[in-house]
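One file, run.txt, is given below (compact mmCIF, C-alpha atoms).
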```txt
# COMPACT_ATOMS: atom_id res chain seq x y z
CA MET A 151 119.11 116.36 136.47
CA PHE A 152 117.61 118.59 133.76
CA ASP A 153 118.71 122.17 133.44
CA SER A 154 116.25 124.26 135.53
CA ARG A 155 115.40 126.44 132.54
CA VAL A 156 114.49 123.37 130.48
CA ILE A 157 112.20 122.12 133.27
CA ALA A 158 110.53 125.52 133.53
CA ALA A 159 109.92 125.61 129.80
CA PHE A 160 108.25 122.19 129.83
CA ALA A 161 106.15 123.10 132.86
CA ALA A 162 104.64 126.00 130.92
CA LEU A 163 103.23 123.65 128.28
CA PRO A 164 99.61 122.44 128.43
CA VAL A 165 98.90 119.39 130.59
CA GLY A 166 100.30 116.28 128.88
CA ALA A 167 102.30 118.24 126.32
CA ALA A 168 105.47 118.30 128.42
CA TYR A 169 105.46 114.51 128.59
CA ALA A 170 104.75 114.19 124.89
CA GLN A 171 107.22 116.77 123.64
CA GLY A 172 109.89 117.11 126.29
CA PRO A 173 113.23 115.67 125.16
CA SER A 174 115.66 113.50 127.06
CA ILE A 175 118.87 115.48 127.50
CA THR A 176 122.33 113.94 127.28
CA THR A 177 125.68 115.55 128.03
CA GLY A 178 129.07 114.56 126.69
CA PRO A 179 130.17 111.77 124.35
CA ALA A 180 128.53 108.40 123.88
CA ALA A 181 130.24 105.04 124.36
CA THR A 182 131.07 103.32 121.08
CA THR A 183 129.20 100.04 120.60
CA ILE A 184 129.93 99.43 116.90
CA PRO A 185 133.29 100.80 115.68
CA SER A 186 132.24 100.77 112.04
CA LEU A 187 129.11 99.73 110.13
CA TYR A 188 130.78 100.23 106.76
CA GLU A 189 134.19 101.02 105.37
CA CYS A 190 135.17 102.67 102.10
CA ALA A 191 138.45 104.23 101.01
CA GLY A 192 138.19 107.96 101.59
CA GLY A 193 135.06 107.63 103.67
CA ARG A 194 134.45 108.72 107.24
CA PRO A 195 134.03 106.15 110.04
CA THR A 196 130.45 104.97 110.52
CA ALA A 197 130.50 104.18 114.22
CA VAL A 198 127.44 103.72 116.44
CA GLY A 199 127.21 104.42 120.15
CA GLN A 200 124.96 104.53 123.20
CA ILE A 201 124.51 107.22 125.81
CA THR A 202 122.43 107.57 128.97
CA ALA A 203 120.32 110.69 129.41
CA GLN A 204 119.78 112.68 132.59
CA ASP A 205 116.40 110.97 133.03
CA GLY A 206 118.00 107.50 132.88
CA SER A 207 116.86 106.65 129.36
CA MET A 208 119.31 105.03 126.94
CA TRP A 209 119.80 106.32 123.39
CA THR A 210 121.52 104.94 120.33
CA VAL A 211 123.44 107.56 118.34
CA PRO A 212 123.31 108.79 115.72
CA ALA A 213 120.24 106.53 115.36
CA ASP A 214 118.84 103.02 115.41
CA THR A 215 119.04 101.87 111.79
CA ARG A 216 118.33 98.82 109.66
CA PHE A 217 121.63 99.11 107.78
CA ALA A 218 122.92 95.73 108.98
CA ASP A 219 119.92 93.63 107.92
CA ALA A 220 117.92 95.52 105.26
CA PRO A 221 118.38 95.40 101.47
CA LYS A 222 120.60 98.17 100.12
CA ALA A 223 119.31 100.57 97.50
CA SER A 224 120.76 100.13 94.02
CA ASP A 225 123.56 102.47 93.04
CA LEU A 226 122.91 105.41 90.78
CA TYR A 227 126.37 106.73 91.68
CA ASN A 228 128.62 105.12 94.28
CA GLU A 229 132.38 105.57 94.34
CA CYS A 230 132.74 102.80 96.92
CA ASN A 231 131.33 100.26 94.44
CA GLY A 232 133.02 101.78 91.39
CA VAL A 233 129.72 103.05 89.94
CA ARG A 234 130.49 106.45 88.39
CA PRO A 235 128.22 107.21 85.41
CA SER A 236 128.51 110.69 83.91
CA GLY A 237 124.73 110.86 83.48
CA THR A 238 121.50 108.89 83.30
CA ALA A 239 122.24 107.79 79.72
CA GLU A 240 124.95 105.49 81.12
CA PHE A 241 122.62 103.98 83.71
CA ASP A 242 120.61 100.81 83.01
CA ILE A 243 117.33 101.11 84.91
CA ASN A 244 116.42 97.53 83.95
CA SER A 245 119.29 96.25 86.10
CA VAL A 246 117.48 97.49 89.23
CA PRO A 247 115.31 94.85 90.93
CA VAL A 248 111.62 95.60 91.49
CA ILE A 249 110.50 95.39 95.13
CA ASP A 250 106.93 94.36 95.90
CA ALA A 251 105.19 96.77 98.25
CA GLY A 252 101.73 95.54 97.23
CA GLY A 253 99.74 96.45 94.16
CA SER A 254 100.83 96.29 90.55
CA GLU A 255 101.67 99.87 89.58
CA LYS A 256 105.40 100.39 89.06
CA PHE A 257 107.33 103.33 90.48
CA VAL A 258 110.95 104.46 90.47
CA ALA A 259 112.48 106.60 93.23
CA TYR A 260 115.74 108.46 92.67
CA LEU A 261 117.38 109.68 95.89
CA PHE A 262 120.32 111.78 97.00
CA GLY A 263 120.56 111.81 100.80
CA ASP A 264 122.92 113.55 103.18
CA ASN A 265 123.84 111.31 104.81
CA TYR A 266 121.75 108.13 105.30
CA PHE A 267 118.18 107.16 104.40
CA GLU A 268 115.71 104.33 104.93
CA LEU A 269 112.84 104.35 102.42
CA TYR A 270 109.37 102.89 103.11
CA ALA A 271 106.33 102.64 100.85
CA ASN A 272 102.93 101.80 102.34
CA GLY A 273 104.61 100.53 105.49
CA LYS A 274 107.16 98.27 103.78
CA LEU A 275 110.87 98.94 104.08
CA LEU A 276 112.06 99.03 100.48
CA ALA A 277 115.77 99.74 100.91
CA VAL A 278 118.37 101.59 102.93
CA ASP A 279 121.27 103.77 101.81
CA ALA A 280 124.26 101.74 100.67
CA VAL A 281 126.71 104.29 102.16
CA PRO A 282 125.82 105.56 105.66
CA PHE A 283 128.23 108.52 105.70
CA THR A 284 130.67 109.40 102.91
CA PRO A 285 131.67 109.42 100.05
CA PHE A 286 128.38 110.94 98.92
CA ASN A 287 126.35 108.60 96.74
CA SER A 288 122.96 108.56 95.03
CA SER A 289 120.48 105.73 94.73
CA VAL A 290 117.57 104.31 92.76
CA VAL A 291 114.74 102.10 94.04
CA ARG A 292 112.08 100.41 91.86
CA PHE A 293 108.91 99.10 93.47
CA THR A 294 105.28 98.18 92.91
CA ALA A 295 102.51 99.58 95.08
CA GLU A 296 98.84 100.48 95.17
CA ARG A 297 97.81 104.14 95.29
CA PRO A 298 97.61 106.07 97.47
CA VAL A 299 101.30 105.48 98.20
CA THR A 300 102.56 106.68 101.57
CA LEU A 301 106.30 107.36 101.38
CA ALA A 302 108.21 107.53 104.65
CA VAL A 303 111.93 108.25 104.95
CA LYS A 304 114.21 108.06 107.97
CA MET A 305 117.06 110.52 107.49
CA VAL A 306 120.25 110.45 109.58
CA ASP A 307 122.99 113.06 109.52
CA TRP A 308 125.87 110.82 110.64
CA GLU A 309 128.47 111.98 113.16
CA GLU A 310 132.11 111.31 114.01
CA ASN A 311 131.82 112.49 117.62
CA LEU A 312 129.16 110.10 118.89
CA GLY A 313 126.46 111.68 121.04
CA LEU A 314 127.72 115.16 120.22
CA GLY A 315 126.19 115.62 116.77
CA SER A 316 129.47 116.77 115.28
CA GLU A 317 132.42 115.90 113.09
CA ARG A 318 135.75 117.33 112.07
CA GLY A 319 135.15 120.26 109.76
CA ARG A 320 135.62 123.99 109.10
CA GLY A 321 138.95 123.84 110.91
CA PHE A 322 137.47 122.45 114.14
CA SER A 323 137.42 119.00 115.72
CA TYR A 324 133.78 119.47 116.82
CA SER A 325 131.68 121.05 114.10
CA PRO A 326 128.07 120.11 113.26
CA GLY A 327 127.42 118.86 109.74
CA ASP A 328 124.23 119.29 107.77
CA GLY A 329 121.60 117.04 106.22
CA GLY A 330 119.17 117.05 103.32
CA LEU A 331 117.16 114.77 101.07
CA THR A 332 116.11 115.23 97.47
CA MET A 333 113.98 112.57 95.80
CA LEU A 334 112.09 112.23 92.54
CA VAL A 335 109.46 109.52 91.99
CA THR A 336 108.24 108.52 88.52
CA ASP A 337 105.68 106.04 87.24
CA ARG A 338 106.13 103.27 84.67
CA ALA A 339 105.98 105.81 81.82
CA GLY A 340 108.63 108.03 83.41
CA GLU A 341 106.14 110.74 84.39
CA VAL A 342 106.82 112.51 87.69
CA VAL A 343 104.27 111.51 90.35
CA GLY A 344 106.09 112.75 93.45
CA LEU A 345 109.03 114.85 94.56
CA THR A 346 110.45 116.40 97.70
CA ASP A 347 109.01 119.83 98.49
CA GLU A 348 107.35 121.79 101.31
CA THR A 349 104.23 119.57 101.23
CA TRP A 350 106.09 116.80 103.07
CA ARG A 351 105.88 116.43 106.84
CA ALA A 352 109.11 116.50 108.85
CA GLN A 353 109.67 115.77 112.52
CA THR A 354 112.94 115.88 114.47
CA PHE A 355 114.07 113.23 116.97
CA TYR A 356 117.73 114.05 117.74
CA ILE A 357 119.27 117.52 118.04
CA GLY A 358 122.92 118.31 118.77
CA PRO A 359 125.34 119.71 119.57
CA LEU A 360 123.78 122.12 122.05
CA ILE A 361 125.53 124.48 124.42
CA ASP A 362 122.33 125.08 126.39
CA ALA A 363 119.18 122.99 125.87
CA ALA A 364 117.02 125.91 127.04
CA CYS A 365 117.33 127.33 123.51
CA LEU A 366 114.89 124.69 122.22
CA ASP A 367 111.29 125.57 121.40
CA THR A 368 109.14 122.49 122.08
CA GLY A 369 105.74 124.18 122.24
CA GLY A 370 102.97 122.10 120.69
CA PRO A 371 104.36 119.78 118.00
CA LEU A 372 107.50 121.89 117.53
CA ARG A 373 111.01 120.65 118.18
CA ASP A 374 112.61 123.81 116.93
CA SER A 375 116.33 124.42 117.38
CA SER A 376 116.55 127.45 115.09
CA ALA A 377 117.23 129.77 118.04
CA CYS A 378 120.16 127.65 119.24
CA GLU A 379 123.77 128.68 118.72
CA VAL A 380 125.76 126.56 116.26
CA PRO A 381 128.81 125.54 118.30
CA ARG A 382 132.19 124.85 116.76
CA SER A 383 135.31 124.18 118.81
CA ASN A 384 138.24 121.84 119.36
CA ASP A 385 136.76 120.51 122.60
CA GLY A 386 133.04 119.74 122.43
CA THR A 387 133.02 117.04 125.09
CA ALA A 388 130.70 119.12 127.30
CA TYR A 389 128.09 119.70 124.57
CA MET A 390 124.53 118.54 125.13
CA ALA A 391 121.96 116.83 122.89
CA ALA A 392 118.19 116.33 122.87
CA HIS A 393 116.43 113.06 122.02
CA TRP A 394 112.84 111.98 121.42
CA GLU A 395 111.52 108.42 121.06
CA VAL A 396 110.64 107.38 117.51
CA PRO A 397 107.07 105.99 117.28
CA ALA A 398 107.08 102.30 116.41
CA ASP A 399 104.58 102.77 113.57
CA TRP A 400 105.82 106.10 112.18
CA PHE A 401 106.12 104.64 108.64
CA ALA A 402 102.63 103.09 108.53
CA PRO A 403 100.10 104.54 106.05
CA ASP A 404 97.58 105.18 108.84
CA PHE A 405 100.06 106.92 111.16
CA ASP A 406 98.75 110.38 112.06
CA ASP A 407 101.40 112.93 111.07
CA SER A 408 98.97 115.87 110.93
CA ALA A 409 100.63 117.55 113.93
CA TRP A 410 104.11 117.29 112.42
CA PRO A 411 105.53 120.50 110.95
CA GLN A 412 105.83 120.83 107.21
CA ALA A 413 109.27 120.20 105.75
CA THR A 414 111.59 123.13 105.17
CA THR A 415 113.13 123.40 101.71
CA TYR A 416 116.75 124.32 100.98
CA ASP A 417 118.50 125.25 97.76
CA ASN A 418 121.49 123.42 96.31
CA ASP A 419 123.97 126.07 97.46
CA THR A 420 122.82 125.84 101.07
CA VAL A 421 123.19 122.07 101.12
CA GLY A 422 126.49 122.34 99.25
CA VAL A 423 126.23 119.82 96.42
CA ASP A 424 127.96 121.71 93.60
CA ASN A 425 131.09 119.54 93.96
CA LYS A 426 129.34 116.17 94.32
CA PRO A 427 129.05 114.26 91.02
CA SER A 428 126.55 111.87 92.62
CA PHE A 429 124.19 114.86 92.42
CA THR A 430 125.49 117.13 89.65
CA ASN A 431 125.76 114.31 87.08
CA PHE A 432 121.97 113.92 87.09
CA PRO A 433 120.29 117.30 86.57
CA ASP A 434 117.47 115.61 84.63
CA LEU A 435 116.58 113.77 87.85
CA PHE A 436 117.36 116.13 90.72
CA ASP A 437 117.01 119.51 88.95
CA ARG A 438 114.43 118.57 86.32
CA PRO A 439 112.88 121.61 84.61
CA GLY A 440 109.25 121.92 85.69
CA ALA A 441 109.64 119.18 88.31
CA ASP A 442 112.60 120.23 90.44
CA ALA A 443 112.92 118.03 93.53
CA GLU A 444 113.99 120.34 96.34
CA PHE A 445 116.16 119.46 99.30
CA ILE A 446 114.02 119.02 102.41
CA TRP A 447 114.73 118.66 106.12
CA SER A 448 113.40 119.99 109.39
CA SER A 449 113.64 123.70 110.25
CA ASN A 450 117.33 123.33 111.20
CA LEU A 451 119.55 121.76 108.55
CA VAL A 452 122.62 121.86 110.80
CA LEU A 453 121.65 120.86 114.34
CA ASP A 454 118.83 118.37 113.66
CA ASN A 455 120.40 114.97 113.08
CA LEU A 456 117.54 112.44 112.99
CA VAL A 457 114.55 113.55 110.93
CA LEU A 458 111.53 111.50 109.81
CA LEU A 459 109.78 112.54 106.58
CA ARG A 460 106.36 111.52 105.24
CA ARG A 461 104.20 112.22 102.18
CA THR A 462 101.28 110.44 100.52
CA ILE A 463 101.01 110.25 96.72
CA ASP A 464 97.35 110.07 95.73
```

Take the structure in this file and express it as structure tokens.
Amino acid sequence: MFDSRVIAAFAALPVGAAYAQGPSITTGPAATTIPSLYECAGGRPTAVGQITAQDGSMWTVPADTRFADAPKASDLYNECNGVRPSGTAEFDINSVPVIDAGGSEKFVAYLFGDNYFELYANGKLLAVDAVPFTPFNSSVVRFTAERPVTLAVKMVDWEENLGLGSERGRGFSYSPGDGGLTMLVTDRAGEVVGLTDETWRAQTFYIGPLIDAACLDTGGPLRDSSACEVPRSNDGTAYMAAHWEVPADWFAPDFDDSAWPQATTYDNDTVGVDNKPSFTNFPDLFDRPGADAEFIWSSNLVLDNLVLLRRTID
């Protein structure tokens, strides 16, 4: 059963809003269904699991992804594949295949995601992250499309403790990680036509770990975990998590994201990328003067683990 305080909070919402916004609550660890999606020396395990919520619904954690069957984004920097350029001058953009998303105008997207992304343009899945967890990598995707171009990105902060939104870190066995996406999009001439900033929309679909789900603010379109304690311990098996169903057409150009909150931006220090060459080797892409692509996420960089992002380039 739901915590009584969670039920009371949903009951106070307008008619229909509780059904639309109320999460499914899970407690404890998930059962592992896939021991590892991907392996790389020095990387963390990329397991997938399933867990049943208190309302009987079944959830895949950390997320349902297309990693197994979708094309992988080309490597800008990827230790697992031995791609380690010291800068963009060593990278051959012409080696990257061009993906047809309709139209004839050419675009290039440069991405650094923490941890995993799936990139859509005008409803077409272009590519997914080549490395679901770690080591941290960066990617480049070339595509053709017709303007306006609706970009949609599924972001997953992977986890070691399935269903508990946590990993080993900061001296604890159960410590939540953080997320973040920075992306720069250029046209055929190399001019910036899009970047990640506060004008994007961001909605959360999986939050954890939680000590008490009553800390969540789910009024209106909000799924705000900023008032929740950030738990860290050596036994998080009793932690809770909140889940919402992902709309089937969330990446479509005509999907209505007007009720979604705007993305929250984070600086490089907050995300912690100063020691990651997959980011720092490319300041002309990710920290470009006059066109600095910011890190974006939902309102909680630490507890929100599955975040969908959308923005239309006119």

task: May I ask which of the residues A:Asp219, A:Asn450, A:Ile463, A:Ser325 is the closest one to Ala377 of chain A, counting all atoms listed in the file?
output: A:Asn450

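The closest residue to Ala180 of chain A, picked from A:Asp205, A:Tyr389, A:Trp447, A:Phe241 and counting all atoms listed in the file, is A:Tyr389.
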
- line: Using all atoms listed in the file, the best pick from A:Asn287, A:Thr332, A:Ser207, A:Thr430 as closest to Asp225 of chain A would be A:Asn287

Which polymer residues, whether protein, DNA or RNA, lie within 12 Å of the coordinate (128.8, 117.1, 93.1) when you count all atoms listed in the file? List them as a PDB file with C-alpha atoms, in the frame of the given file, using the chain letters and numbers from the file.
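Full text of point_28.pdb as output:
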```
ATOM      1  CA  TYR A 227     126.370 106.730  91.680  1.00  0.00           C
ATOM      2  CA  ARG A 234     130.490 106.450  88.390  1.00  0.00           C
ATOM      3  CA  SER A 236     128.510 110.690  83.910  1.00  0.00           C
ATOM      4  CA  PHE A 262     120.320 111.780  97.000  1.00  0.00           C
ATOM      5  CA  PRO A 285     131.670 109.420 100.050  1.00  0.00           C
ATOM      6  CA  PHE A 286     128.380 110.940  98.920  1.00  0.00           C
ATOM      7  CA  ASN A 287     126.350 108.600  96.740  1.00  0.00           C
ATOM      8  CA  SER A 288     122.960 108.560  95.030  1.00  0.00           C
ATOM      9  CA  ASN A 418     121.490 123.420  96.310  1.00  0.00           C
ATOM     10  CA  ASP A 419     123.970 126.070  97.460  1.00  0.00           C
ATOM     11  CA  VAL A 421     123.190 122.070 101.120  1.00  0.00           C
ATOM     12  CA  GLY A 422     126.490 122.340  99.250  1.00  0.00           C
ATOM     13  CA  VAL A 423     126.230 119.820  96.420  1.00  0.00           C
ATOM     14  CA  ASP A 424     127.960 121.710  93.600  1.00  0.00           C
ATOM     15  CA  ASN A 425     131.090 119.540  93.960  1.00  0.00           C
ATOM     16  CA  LYS A 426     129.340 116.170  94.320  1.00  0.00           C
ATOM     17  CA  PRO A 427     129.050 114.260  91.020  1.00  0.00           C
ATOM     18  CA  SER A 428     126.550 111.870  92.620  1.00  0.00           C
ATOM     19  CA  PHE A 429     124.190 114.860  92.420  1.00  0.00           C
ATOM     20  CA  THR A 430     125.490 117.130  89.650  1.00  0.00           C
ATOM     21  CA  ASN A 431     125.760 114.310  87.080  1.00  0.00           C
ATOM     22  CA  PHE A 432     121.970 113.920  87.090  1.00  0.00           C
ATOM     23  CA  PRO A 433     120.290 117.300  86.570  1.00  0.00           C
ATOM     24  CA  PHE A 436     117.360 116.130  90.720  1.00  0.00           C
TER      25      PHE A 436
END
```

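Proximity of A:Thr183, A:Gln353, A:Thr176, A:Ser323 to Val396 of chain A, computed with all atoms listed in the file, is greatest for A:Gln353.
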
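The residue that comes closest to Glu229 of chain A, out of A:Gly253, A:Val248, A:Arg338, A:Ala280 and on the basis of only C-alpha atoms, is A:Ala280.
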
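Using all atoms listed in the file, the residues found no farther than 7 Å from segment 292-296 of chain A, other than those of its own chain fewer than 3 positions away, are Val246, Pro247, Val248, Ile249, Asp250, Ala251, Gly252, Gly253, Ser254, Glu255, Lys256, Phe257, Val258, Ala259 and Val299 of chain A.
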
Keeping only C-alpha atoms, write the selected residues to a file as an mmCIF file, in the coordinates of the input.
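part_13.cif, written as the output of this step:
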```
data_model
loop_
_atom_site.group_PDB
_atom_site.id
_atom_site.type_symbol
_atom_site.label_atom_id
_atom_site.label_comp_id
_atom_site.auth_asym_id
_atom_site.auth_seq_id
_atom_site.Cartn_x
_atom_site.Cartn_y
_atom_site.Cartn_z
ATOM 1 C CA VAL A 246 117.480 97.490 89.230
ATOM 2 C CA PRO A 247 115.310 94.850 90.930
ATOM 3 C CA VAL A 248 111.620 95.600 91.490
ATOM 4 C CA ILE A 249 110.500 95.390 95.130
ATOM 5 C CA ASP A 250 106.930 94.360 95.900
ATOM 6 C CA ALA A 251 105.190 96.770 98.250
ATOM 7 C CA GLY A 252 101.730 95.540 97.230
ATOM 8 C CA GLY A 253 99.740 96.450 94.160
ATOM 9 C CA SER A 254 100.830 96.290 90.550
ATOM 10 C CA GLU A 255 101.670 99.870 89.580
ATOM 11 C CA LYS A 256 105.400 100.390 89.060
ATOM 12 C CA PHE A 257 107.330 103.330 90.480
ATOM 13 C CA VAL A 258 110.950 104.460 90.470
ATOM 14 C CA ALA A 259 112.480 106.600 93.230
ATOM 15 C CA VAL A 299 101.300 105.480 98.200
#
```

Give me the box for segment 228-240 of chain A as lines of an AutoDock Vina configuration file, namely the centre and edge lengths in Å to one decimal of a box along x, y and z that holds every listed atom plus 4 Å on each side.
```
center_x = 127.3
center_y = 105.6
center_z = 88.3
size_x = 19.5
size_y = 18.6
size_z = 25.2
```

query: Restricting the calculation to all atoms listed in the file, which member of A:Ala392, A:Val343, A:Val198, A:Leu275 is positioned closest to Ala363 of chain A?
result: A:Ala392

message: Which residues are near Thr210 of chain A? Cut-off 9 Å, only C-alpha atoms, ignore same chain within fewer than 2 positions. Put them as a PyMOL selection string.
response: chain A and resi 180+198-201+208+212-214+313

Next, dump the selected residues to file, keeping only C-alpha atoms, as a compact mmCIF listing (two decimals), in the coordinates of the input.
```txt
# COMPACT_ATOMS: atom_id res chain seq x y z
CA ALA A 180 128.53 108.40 123.88
CA VAL A 198 127.44 103.72 116.44
CA GLY A 199 127.21 104.42 120.15
CA GLN A 200 124.96 104.53 123.20
CA ILE A 201 124.51 107.22 125.81
CA MET A 208 119.31 105.03 126.94
CA PRO A 212 123.31 108.79 115.72
CA ALA A 213 120.24 106.53 115.36
CA ASP A 214 118.84 103.02 115.41
CA GLY A 313 126.46 111.68 121.04
```

task: Please measure the separation of atom CA of Phe445 of chain A and atom CA of Val290 of chain A, giving the value in Å to one decimal.
output: 16.6 Å

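What separates atom CA of Val281 of chain A from atom CA of Asp242 of chain A is a distance of 20.4 Å.
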